[in-house]
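Student: Quick one: the structure is below, and I'll ask about it shortly.
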Amino acid sequence: MTNNHRIVSIVDDEMDITRLFQDAISGKVNGTSVVSFTNPLTALEHFEDNKEAYVLVISDLRMPELNGLDLLKSVKNLNANVRTILTTAYEVDEDNKIEEYTKKGIIDLLLAKPVTIKRLCEEVSNMVRIQDFASHWIWI
């Protein structure tokens, strides 16, 4: 893979959501490929194989086999620089683990579903911009 090849991943057990999000995001952020997965374990395998190319992982919270929190924690353990968005259609105000993961930087953004396509595209662009800035920052 070349340095210009960057990956944005969508992980949701509902195929309709992955297709909608992928269609909405594809072509909106230059230099990125958008991939989607309905199985979080397959998504994690792909991430492990391509962790240096990833700039963003968008994951649903509730999925079988591996929930979004555990997926994003694994992602950050493999590449702390990748940006993460957790999506959910459920009320999470009282969820201490989500609060803890947000404070630790495992979750960079929490998006409630339903989310508008406009907001999704804006947040993805913002996350990729933040990642680009962070990866080009030189500490003196």
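Scheme for the structure tokens: letters A, B, ... for chains in order shown; per-chain residue numbers from 1; ligand numbers from 1 in order shown.
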So that I can see what lies close to A:Ala89, please list as a PyMOL selection string the residues with an atom at most 7 Å from it, counting only C-alpha atoms and leaving out residues fewer than 6 positions away in the same chain.

Tutor: chain A and resi 112-114

Student: Go through stretch 69-133 of chain A residue by residue and, counting only C-alpha atoms, keep those with an atom at most 10 Å from stretch 19-36 of chain A; for each kept residue give the shortest atom pair and its distance in Å to one decimal, ordered by chain and increasing number, as CSV.

Tutor:
```
residue,atom,partner,partner_atom,distance
A:Val115,CA,A:Phe21,CA,10.0
A:Ile117,CA,A:Ala24,CA,6.4
A:Lys118,CA,A:Ala24,CA,8.6
A:Leu120,CA,A:Ile25,CA,7.9
A:Cys121,CA,A:Ile25,CA,6.0
A:Glu122,CA,A:Lys28,CA,9.5
A:Val124,CA,A:Ile25,CA,7.7
A:Ser125,CA,A:Val29,CA,6.4
A:Asn126,CA,A:Val29,CA,9.9
A:Val128,CA,A:Val29,CA,7.9
A:Arg129,CA,A:Val29,CA,9.3
```

Student: Based on the backbone DSSP call, show me all residues of chain A assigned strand (DSSP E or B), as a compact mmCIF listing (two decimals) with N, CA, C and O atoms, in the first residue's frame.

Tutor:
```
# COMPACT_ATOMS: atom_id res chain seq x y z
N ARG A 6 -5.47 5.51 2.29
CA ARG A 6 -5.94 5.55 3.67
C ARG A 6 -7.31 4.90 3.73
O ARG A 6 -8.10 5.02 2.80
N ILE A 7 -7.60 4.24 4.82
CA ILE A 7 -8.83 3.47 4.94
C ILE A 7 -9.75 4.04 6.02
O ILE A 7 -9.31 4.33 7.13
N VAL A 8 -11.02 4.17 5.66
CA VAL A 8 -12.10 4.46 6.60
C VAL A 8 -12.96 3.20 6.61
O VAL A 8 -13.34 2.69 5.56
N SER A 9 -13.27 2.71 7.80
CA SER A 9 -14.04 1.47 7.92
C SER A 9 -15.35 1.72 8.65
O SER A 9 -15.39 2.48 9.63
N ILE A 10 -16.39 1.05 8.17
CA ILE A 10 -17.71 1.09 8.81
C ILE A 10 -18.03 -0.33 9.27
O ILE A 10 -17.95 -1.27 8.48
N VAL A 11 -18.38 -0.47 10.55
CA VAL A 11 -18.69 -1.78 11.10
C VAL A 11 -20.06 -1.70 11.78
O VAL A 11 -20.24 -0.96 12.74
N THR A 32 -8.97 8.47 0.39
CA THR A 32 -9.42 7.41 1.30
C THR A 32 -10.25 6.38 0.55
O THR A 32 -10.94 6.69 -0.41
N SER A 33 -10.15 5.15 1.01
CA SER A 33 -11.01 4.07 0.57
C SER A 33 -11.95 3.77 1.72
O SER A 33 -11.54 3.80 2.89
N VAL A 34 -13.20 3.50 1.41
CA VAL A 34 -14.19 3.17 2.44
C VAL A 34 -14.53 1.70 2.32
O VAL A 34 -14.90 1.22 1.25
N VAL A 35 -14.34 0.98 3.42
CA VAL A 35 -14.69 -0.43 3.47
C VAL A 35 -15.74 -0.62 4.56
O VAL A 35 -15.80 0.15 5.51
N SER A 36 -16.57 -1.65 4.40
CA SER A 36 -17.58 -1.90 5.42
C SER A 36 -17.67 -3.38 5.74
O SER A 36 -17.36 -4.23 4.90
N PHE A 37 -18.08 -3.64 6.96
CA PHE A 37 -18.17 -5.00 7.47
C PHE A 37 -19.43 -5.16 8.30
O PHE A 37 -19.78 -4.25 9.06
N TYR A 54 -5.12 2.68 8.16
CA TYR A 54 -6.40 3.14 8.69
C TYR A 54 -6.31 4.55 9.26
O TYR A 54 -5.36 4.88 9.97
N VAL A 55 -7.32 5.37 8.97
CA VAL A 55 -7.42 6.68 9.59
C VAL A 55 -8.65 6.78 10.48
O VAL A 55 -8.68 7.59 11.40
N LEU A 56 -9.68 5.95 10.21
CA LEU A 56 -10.93 6.07 10.96
C LEU A 56 -11.68 4.74 10.96
O LEU A 56 -11.77 4.08 9.93
N VAL A 57 -12.23 4.39 12.13
CA VAL A 57 -13.13 3.25 12.26
C VAL A 57 -14.43 3.76 12.87
O VAL A 57 -14.42 4.38 13.93
N ILE A 58 -15.53 3.50 12.17
CA ILE A 58 -16.87 3.84 12.65
C ILE A 58 -17.53 2.52 13.02
O ILE A 58 -17.66 1.63 12.19
N SER A 59 -17.94 2.39 14.28
CA SER A 59 -18.51 1.12 14.73
C SER A 59 -19.82 1.34 15.47
O SER A 59 -19.96 2.26 16.26
N ASP A 60 -20.75 0.43 15.22
CA ASP A 60 -21.99 0.38 15.99
C ASP A 60 -21.65 -0.17 17.38
O ASP A 60 -20.66 -0.89 17.54
N ARG A 83 -8.52 7.26 14.37
CA ARG A 83 -9.67 7.95 14.97
C ARG A 83 -10.84 6.97 15.04
O ARG A 83 -10.94 6.06 14.21
N THR A 84 -11.73 7.14 16.02
CA THR A 84 -12.84 6.21 16.20
C THR A 84 -14.15 6.97 16.45
O THR A 84 -14.17 7.98 17.15
N ILE A 85 -15.20 6.45 15.84
CA ILE A 85 -16.56 6.95 16.07
C ILE A 85 -17.41 5.76 16.49
O ILE A 85 -17.43 4.73 15.80
N LEU A 86 -18.11 5.89 17.61
CA LEU A 86 -19.05 4.87 18.07
C LEU A 86 -20.45 5.37 17.77
O LEU A 86 -20.79 6.52 18.10
N THR A 87 -21.26 4.53 17.10
CA THR A 87 -22.65 4.90 16.82
C THR A 87 -23.58 3.98 17.59
O THR A 87 -23.26 2.81 17.84
N THR A 88 -24.72 4.51 17.96
CA THR A 88 -25.71 3.69 18.66
C THR A 88 -27.09 4.32 18.53
O THR A 88 -27.22 5.54 18.47
N LEU A 109 -15.49 10.02 19.22
CA LEU A 109 -16.78 10.68 19.01
C LEU A 109 -17.90 9.67 19.17
O LEU A 109 -17.77 8.53 18.69
N LEU A 110 -18.98 10.07 19.83
CA LEU A 110 -20.17 9.25 19.96
C LEU A 110 -21.25 9.88 19.10
O LEU A 110 -21.56 11.07 19.27
N LEU A 111 -21.81 9.11 18.16
CA LEU A 111 -22.89 9.60 17.29
C LEU A 111 -24.15 8.80 17.55
O LEU A 111 -24.12 7.56 17.49
N ALA A 112 -25.24 9.49 17.85
CA ALA A 112 -26.52 8.82 18.04
C ALA A 112 -27.17 8.56 16.69
O ALA A 112 -27.14 9.41 15.80
```

Student: Do you know which residues are at most 12 Å from A:Pro64 counting only C-alpha atoms, after dropping those on the same chain fewer than 3 positions away, and could you put them as a PyMOL selection string?

Tutor: chain A and resi 11-14+38-41+60-61+67-68+70-71

Student: Atoms to include: all heavy atoms. Write the selected residues as a compact mmCIF listing (two decimals), in the first residue's frame.

Tutor:
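Now in again18.txt:
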```txt
# COMPACT_ATOMS: atom_id res chain seq x y z
N VAL A 11 -18.38 -0.47 10.55
CA VAL A 11 -18.69 -1.78 11.10
C VAL A 11 -20.06 -1.70 11.78
O VAL A 11 -20.24 -0.96 12.74
CB VAL A 11 -17.63 -2.23 12.13
CG1 VAL A 11 -17.88 -3.67 12.55
CG2 VAL A 11 -16.22 -2.05 11.58
N ASP A 12 -21.01 -2.44 11.22
CA ASP A 12 -22.36 -2.48 11.76
C ASP A 12 -22.98 -3.80 11.34
O ASP A 12 -22.81 -4.21 10.19
CB ASP A 12 -23.19 -1.32 11.22
CG ASP A 12 -24.47 -1.09 12.01
OD1 ASP A 12 -25.28 -2.04 12.12
OD2 ASP A 12 -24.68 0.04 12.50
N ASP A 13 -23.66 -4.48 12.24
CA ASP A 13 -24.23 -5.78 11.89
C ASP A 13 -25.44 -5.66 10.97
O ASP A 13 -25.93 -6.66 10.45
CB ASP A 13 -24.56 -6.60 13.14
CG ASP A 13 -25.55 -5.92 14.06
OD1 ASP A 13 -25.46 -4.69 14.22
OD2 ASP A 13 -26.40 -6.62 14.65
N GLU A 14 -25.92 -4.45 10.72
CA GLU A 14 -27.03 -4.23 9.79
C GLU A 14 -26.47 -3.80 8.43
O GLU A 14 -25.90 -2.72 8.31
CB GLU A 14 -27.98 -3.17 10.33
CG GLU A 14 -28.71 -3.60 11.58
CD GLU A 14 -29.70 -2.55 12.05
OE1 GLU A 14 -30.40 -1.97 11.19
OE2 GLU A 14 -29.75 -2.31 13.26
N THR A 38 -20.09 -6.31 8.16
CA THR A 38 -21.22 -6.62 9.03
C THR A 38 -20.80 -7.56 10.16
O THR A 38 -21.57 -7.80 11.08
CB THR A 38 -22.38 -7.27 8.23
OG1 THR A 38 -21.88 -8.41 7.53
CG2 THR A 38 -23.00 -6.27 7.26
N ASN A 39 -19.57 -8.06 10.09
CA ASN A 39 -19.04 -8.92 11.13
C ASN A 39 -17.85 -8.22 11.78
O ASN A 39 -16.83 -7.98 11.13
CB ASN A 39 -18.60 -10.26 10.52
CG ASN A 39 -18.07 -11.23 11.56
OD1 ASN A 39 -17.36 -10.85 12.49
ND2 ASN A 39 -18.40 -12.49 11.40
N PRO A 40 -17.96 -7.89 13.07
CA PRO A 40 -16.87 -7.16 13.73
C PRO A 40 -15.56 -7.95 13.81
O PRO A 40 -14.49 -7.35 13.81
CB PRO A 40 -17.42 -6.84 15.12
CG PRO A 40 -18.57 -7.75 15.32
CD PRO A 40 -19.10 -8.11 13.97
N LEU A 41 -15.62 -9.27 13.85
CA LEU A 41 -14.39 -10.06 13.90
C LEU A 41 -13.65 -9.98 12.57
O LEU A 41 -12.42 -9.88 12.54
CB LEU A 41 -14.70 -11.51 14.28
CG LEU A 41 -15.29 -11.70 15.69
CD1 LEU A 41 -15.67 -13.16 15.91
CD2 LEU A 41 -14.32 -11.22 16.75
N ASP A 60 -20.75 0.43 15.22
CA ASP A 60 -21.99 0.38 15.99
C ASP A 60 -21.65 -0.17 17.38
O ASP A 60 -20.66 -0.89 17.54
CB ASP A 60 -22.99 -0.53 15.28
CG ASP A 60 -24.36 -0.51 15.94
OD1 ASP A 60 -24.78 0.57 16.43
OD2 ASP A 60 -25.03 -1.56 15.96
N LEU A 61 -22.45 0.17 18.36
CA LEU A 61 -22.22 -0.31 19.72
C LEU A 61 -22.62 -1.77 19.89
O LEU A 61 -21.82 -2.60 20.31
CB LEU A 61 -23.00 0.56 20.72
CG LEU A 61 -22.99 0.09 22.18
CD1 LEU A 61 -21.57 0.05 22.72
CD2 LEU A 61 -23.87 0.99 23.02
N ASN A 67 -18.75 -6.53 20.63
CA ASN A 67 -19.46 -5.25 20.60
C ASN A 67 -18.52 -4.13 20.18
O ASN A 67 -17.30 -4.29 20.12
CB ASN A 67 -20.15 -4.96 21.94
CG ASN A 67 -19.20 -4.66 23.07
OD1 ASN A 67 -18.22 -3.91 22.91
ND2 ASN A 67 -19.44 -5.22 24.23
N GLY A 68 -19.12 -2.98 19.88
CA GLY A 68 -18.35 -1.84 19.39
C GLY A 68 -17.30 -1.34 20.36
O GLY A 68 -16.22 -0.91 19.94
N ASP A 70 -15.54 -3.11 22.58
CA ASP A 70 -14.40 -4.02 22.55
C ASP A 70 -13.65 -3.93 21.22
O ASP A 70 -12.42 -4.00 21.19
CB ASP A 70 -14.85 -5.45 22.81
CG ASP A 70 -15.35 -5.64 24.24
OD1 ASP A 70 -14.94 -4.87 25.13
OD2 ASP A 70 -16.15 -6.57 24.47
N LEU A 71 -14.39 -3.74 20.13
CA LEU A 71 -13.75 -3.57 18.83
C LEU A 71 -12.87 -2.33 18.82
O LEU A 71 -11.69 -2.39 18.44
CB LEU A 71 -14.80 -3.48 17.72
CG LEU A 71 -14.25 -3.14 16.33
CD1 LEU A 71 -13.33 -4.24 15.81
CD2 LEU A 71 -15.40 -2.87 15.36
```

Student: Based on DSSP run over this structure's backbone, return all residues of chain A in helix (DSSP H, G or I), as number ranges by chain.

Tutor: A: 15-25, 40-50, 68-78, 96-103, 117-136

Student: When you count only C-alpha atoms, which of these residues is closest to A:Asn81: A:Arg119, A:His5, A:His46, A:Lys51?

Tutor: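 Residue with the minimum atom-to-atom distance to A:Asn81: A:Lys51.
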
Student: Measure the distance from atom CA of A:Leu78 to atom CA of A:Ile106 in Å and round it to one decimal.

Tutor: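 For atom CA of A:Leu78 relative to atom CA of A:Ile106, the distance reads 11.5 Å.
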
Student: Which residue, A:Ala53, A:Val92, A:Glu48, A:Met63, has the smallest gap to A:Asn77 when you use only C-alpha atoms?

Tutor: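 Smallest separation from A:Asn77 among the options: A:Glu48.
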